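Step one of this worksheet: look at the structure below.
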Protein chains: 2
Amino acid sequence: MVIKKTSRMSLVEQVAEQIESLISEGHWAVGEKIPPEMVLMEQFDVSRNTLREAIRALVHAGLLETKQGSGTVVKAVNTLGVALERHAKKAAMLETLDVRFALEKQAAKLAAKRFEEVDFTNMHAALKACQQAADIEDRVAFIQADILFHSSIVEASGNRLLCDLYKPLFDVVYDFIEQMIELEKDLLYDHELHVELVRAIEAGNVEAAAAIVDQYFNELRGYVEKVEG
Amino acid sequence: MVIKKTSRMSLVEQVAEQIESLISEGHWAVGEKIPPEMVLMEQFDVSRNTLREAIRALVHAGLLETKQGSGTVVKAVNTLGVALERHAKKAAMLETLDVRFALEKQAAKLAAKRFEEVDFTNMHAALKACQQAADIEDRVAFIQADILFHSSIVEASGNRLLCDLYKPLFDVVYDFIEQMIELEKDLLYDHELHVELVRAIEAGNVEAAAAIVDQYFNELRGYVEKVEG
DNA sequence: ATATACCAATCATCCTACAACTTTTAGTTG
DNA sequence: CAACTAAAAGTTGTAGGATGATTGGTATAT
């Protein structure tokens, strides 16, 4: 006797899964508006409630965003970022910082290890922008360039999972730093380490890259401890 | 003029958030059945549709599980694990391994740094279980003990966020290893490093702990590369 | 041309009803 | 009394309709 499939997935989950596929496969791009409920009801051949429960699940996951009177738009392609950001916001800043540190250090080492395959365009551009912002002491510009710089480091690791984990934590830390910056005005003009880090990665010097990230985070940790603890 | 907060959150999100809080604060424990829809409708003072949309969002996120005719039970305390596991399963094993490595190394260093406050009970118990399993060459028992061992290391870091990130990745890696173990039968009886790692942490030797984790993962990476690449 | 009023589209919430499944209860039978 | 059976109650799943709230665009009037 053939055992029947334990139980068929609920209609809501089936619909949610299909919508998720349509998004992840790019059929509905980020920023794009998806069809209204009435249309989707007919396309999926389910009732209004069922469809709404599916959509609501994806809204909560951060994939979609609904606006009354307007419609529903795609907000992201994967659900990890939202979950991680929500989680990290509830954690202590020093804990988040330690995790971010672990990830960025690993990223720097991986980038240095595969330096021959790395595209350094973004890294150099961010470096230049940092330098310019530091020269004219434009704090806002420096932060933006700093964000691009660290992102380019992590992307250079070639590890997609690492990037997906790093960026949400990075955002959380930077929200904190933006508030902190009033207290320590000269904190973020520390540009020397940026240059050294790129040089180490370009040279394929794994240990040097790791040491520089160590140093960077030790300083950052000191500032955060002063403010938080 | 003070601009009022965008507007109030939708009822569904309010309810979902409250339920999440009730779970994360332990008011509803994992495995426990939550009240039926009718009761929750009255408690939150919302309609059935609104309540169901909230619950469905949490079901999709992996926090709850509903069974028709029976009820709804709490499945997990936080939503991060499910999202991360789903995500990591789609990634390449070597990428996942690198991230896990970064996290475990950081955990070992943190644990060594605060060795005076660490509770070593679990670690020693896992160590003993590993030894016993290795002695009688019981592979299944060794894996289970190994899982407990690595978990105890990460928990000793005292960093909750680190633990929450580590465990799902760990599960993914171990699913892979369980399949791999047939090929490399003697892989997991490598017990020496376990002992050395605990010794280093107990001595508060941060660098030694880091070096041992390095060594452990280099071996593991070698095996994985042989199988996957 | 600008501002106002109106209208249509769309999501938000509520309501009722029934179906499907599970658990409990009551009843029957041996 | 024990064990099996049938009925009932409880719970989630799905459907469909009605009304309110918000948004975006259109037509109108000045």
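Just remember, in the structure tokens the first chain shown is A, the second B, etc., residues are 1-based per chain, and ligands are 1-based in the order shown.
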Chain B contacts to chain A at 7 Å (only C-alpha atoms) as a PyMOL selection string | chain B and resi 53+56-57+60-61+79-80+83-84+91+95-96+99+102-103+106+159+161-162
Same residues, N, CA and C atoms, saved as a compact mmCIF listing (two decimals), in the first residue's frame:
```
# COMPACT_ATOMS: atom_id res chain seq x y z
N GLU B 53 -4.60 36.43 10.37
CA GLU B 53 -3.50 36.96 9.57
C GLU B 53 -2.24 37.11 10.43
N ARG B 56 -0.93 33.61 11.11
CA ARG B 56 -0.36 33.02 9.90
C ARG B 56 1.02 33.60 9.61
N ALA B 57 1.19 34.88 9.90
CA ALA B 57 2.50 35.51 9.68
C ALA B 57 3.55 34.83 10.55
N HIS B 60 4.32 31.28 9.29
CA HIS B 60 5.25 31.31 8.15
C HIS B 60 6.66 31.60 8.61
N ALA B 61 6.79 32.40 9.64
CA ALA B 61 8.11 32.75 10.15
C ALA B 61 8.73 31.62 10.96
N THR B 79 12.57 34.00 15.42
CA THR B 79 12.28 33.73 14.02
C THR B 79 13.56 33.63 13.19
N LEU B 80 14.69 33.97 13.82
CA LEU B 80 15.93 34.03 13.06
C LEU B 80 16.38 32.66 12.58
N ALA B 83 14.71 31.38 9.33
CA ALA B 83 15.12 32.15 8.16
C ALA B 83 16.56 31.82 7.77
N LEU B 84 17.41 31.74 8.77
CA LEU B 84 18.82 31.50 8.49
C LEU B 84 19.04 30.10 7.92
N ALA B 91 22.84 27.91 0.16
CA ALA B 91 24.21 28.35 -0.10
C ALA B 91 25.13 27.15 -0.28
N GLU B 95 30.78 27.91 1.81
CA GLU B 95 30.44 29.25 2.29
C GLU B 95 29.88 29.17 3.71
N THR B 96 28.97 28.25 3.90
CA THR B 96 28.40 28.08 5.22
C THR B 96 29.47 27.73 6.24
N VAL B 99 31.51 30.73 7.34
CA VAL B 99 30.80 31.60 8.28
C VAL B 99 30.76 30.95 9.66
N ALA B 102 34.03 31.42 11.31
CA ALA B 102 34.23 32.77 11.84
C ALA B 102 33.53 32.93 13.18
N LEU B 103 32.31 32.40 13.27
CA LEU B 103 31.54 32.57 14.49
C LEU B 103 32.11 31.74 15.62
N GLN B 106 35.37 33.27 16.96
CA GLN B 106 35.07 34.42 17.81
C GLN B 106 34.53 33.96 19.15
N ASN B 159 27.62 35.49 24.40
CA ASN B 159 27.02 36.36 23.38
C ASN B 159 25.80 35.66 22.78
N LEU B 161 23.48 36.70 20.65
CA LEU B 161 23.32 36.83 19.20
C LEU B 161 24.20 35.83 18.46
N LEU B 162 25.39 35.66 18.97
CA LEU B 162 26.32 34.70 18.37
C LEU B 162 25.73 33.29 18.40
```
Write out, as JSON lines, each residue of chain D that has an atom at most 8 Å from chain A, together with the closest pair of atoms and their distance in Å to one decimal, counting only C-alpha atoms (C1' of nucleotides), rows going by chain and rising number.
```
{"residue": "D:DG13", "atom": "C1'", "partner": "A:Ser10", "partner_atom": "CA", "distance": 7.9}
{"residue": "D:DT14", "atom": "C1'", "partner": "A:Thr50", "partner_atom": "CA", "distance": 7.0}
{"residue": "D:DA15", "atom": "C1'", "partner": "A:Ser47", "partner_atom": "CA", "distance": 5.7}
{"residue": "D:DG16", "atom": "C1'", "partner": "A:Ser47", "partner_atom": "CA", "distance": 7.5}
{"residue": "D:DA21", "atom": "C1'", "partner": "A:Gln68", "partner_atom": "CA", "distance": 7.8}
{"residue": "D:DT22", "atom": "C1'", "partner": "A:Gly69", "partner_atom": "CA", "distance": 4.8}
{"residue": "D:DT23", "atom": "C1'", "partner": "A:Gly69", "partner_atom": "CA", "distance": 4.4}
{"residue": "D:DG24", "atom": "C1'", "partner": "A:Ser70", "partner_atom": "CA", "distance": 7.5}
```
With chain B superposed on chain A by all C-alpha atoms in order, least-squares RMSD stands at 1.1 Å
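As for CA of Ala209 in chain A and CA of Asp135 in chain A, they are spaced 24.9 Å apart.
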### Query
Would you list which chain C residues are within 9 Å of chain A using only C-alpha atoms (C1' of nucleotides), as a list in words?
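Listing them in order of chain and number gives DA9, DT10, DC11 and DA12 of chain C.
Secondary structure from DSSP on the backbone puts strand (DSSP E or B) at the following positions of chain B: Lys33, Ile34, Leu64, Glu65, Thr66, Lys67, Gly71, Thr72, Val73 and Val74 of chain B.
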Check: Which value, in Å to one decimal, gives the distance between CA of Glu202 in chain B and CA of Lys226 in chain A?
Finding: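 Computing it gives 28.2 Å between the two atoms.
Note that the spacing between CA of Gly204 in chain B and CA of Thr121 in chain B amounts to 16.4 Å.
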From a DSSP pass on the backbone, collect the residues of range 61-124 of chain B flagged as alpha helix (DSSP H) and hand them back as a VMD selection string. chain B and resid 61 80 to 90 93 to 113 121 to 124
Could you pull the residues within 9 Å of DA8 in chain D, counting only C-alpha atoms (C1' of nucleotides), minus those fewer than 4 positions along the same chain, as a list in words? DT24, DT25 and DA26 of chain C
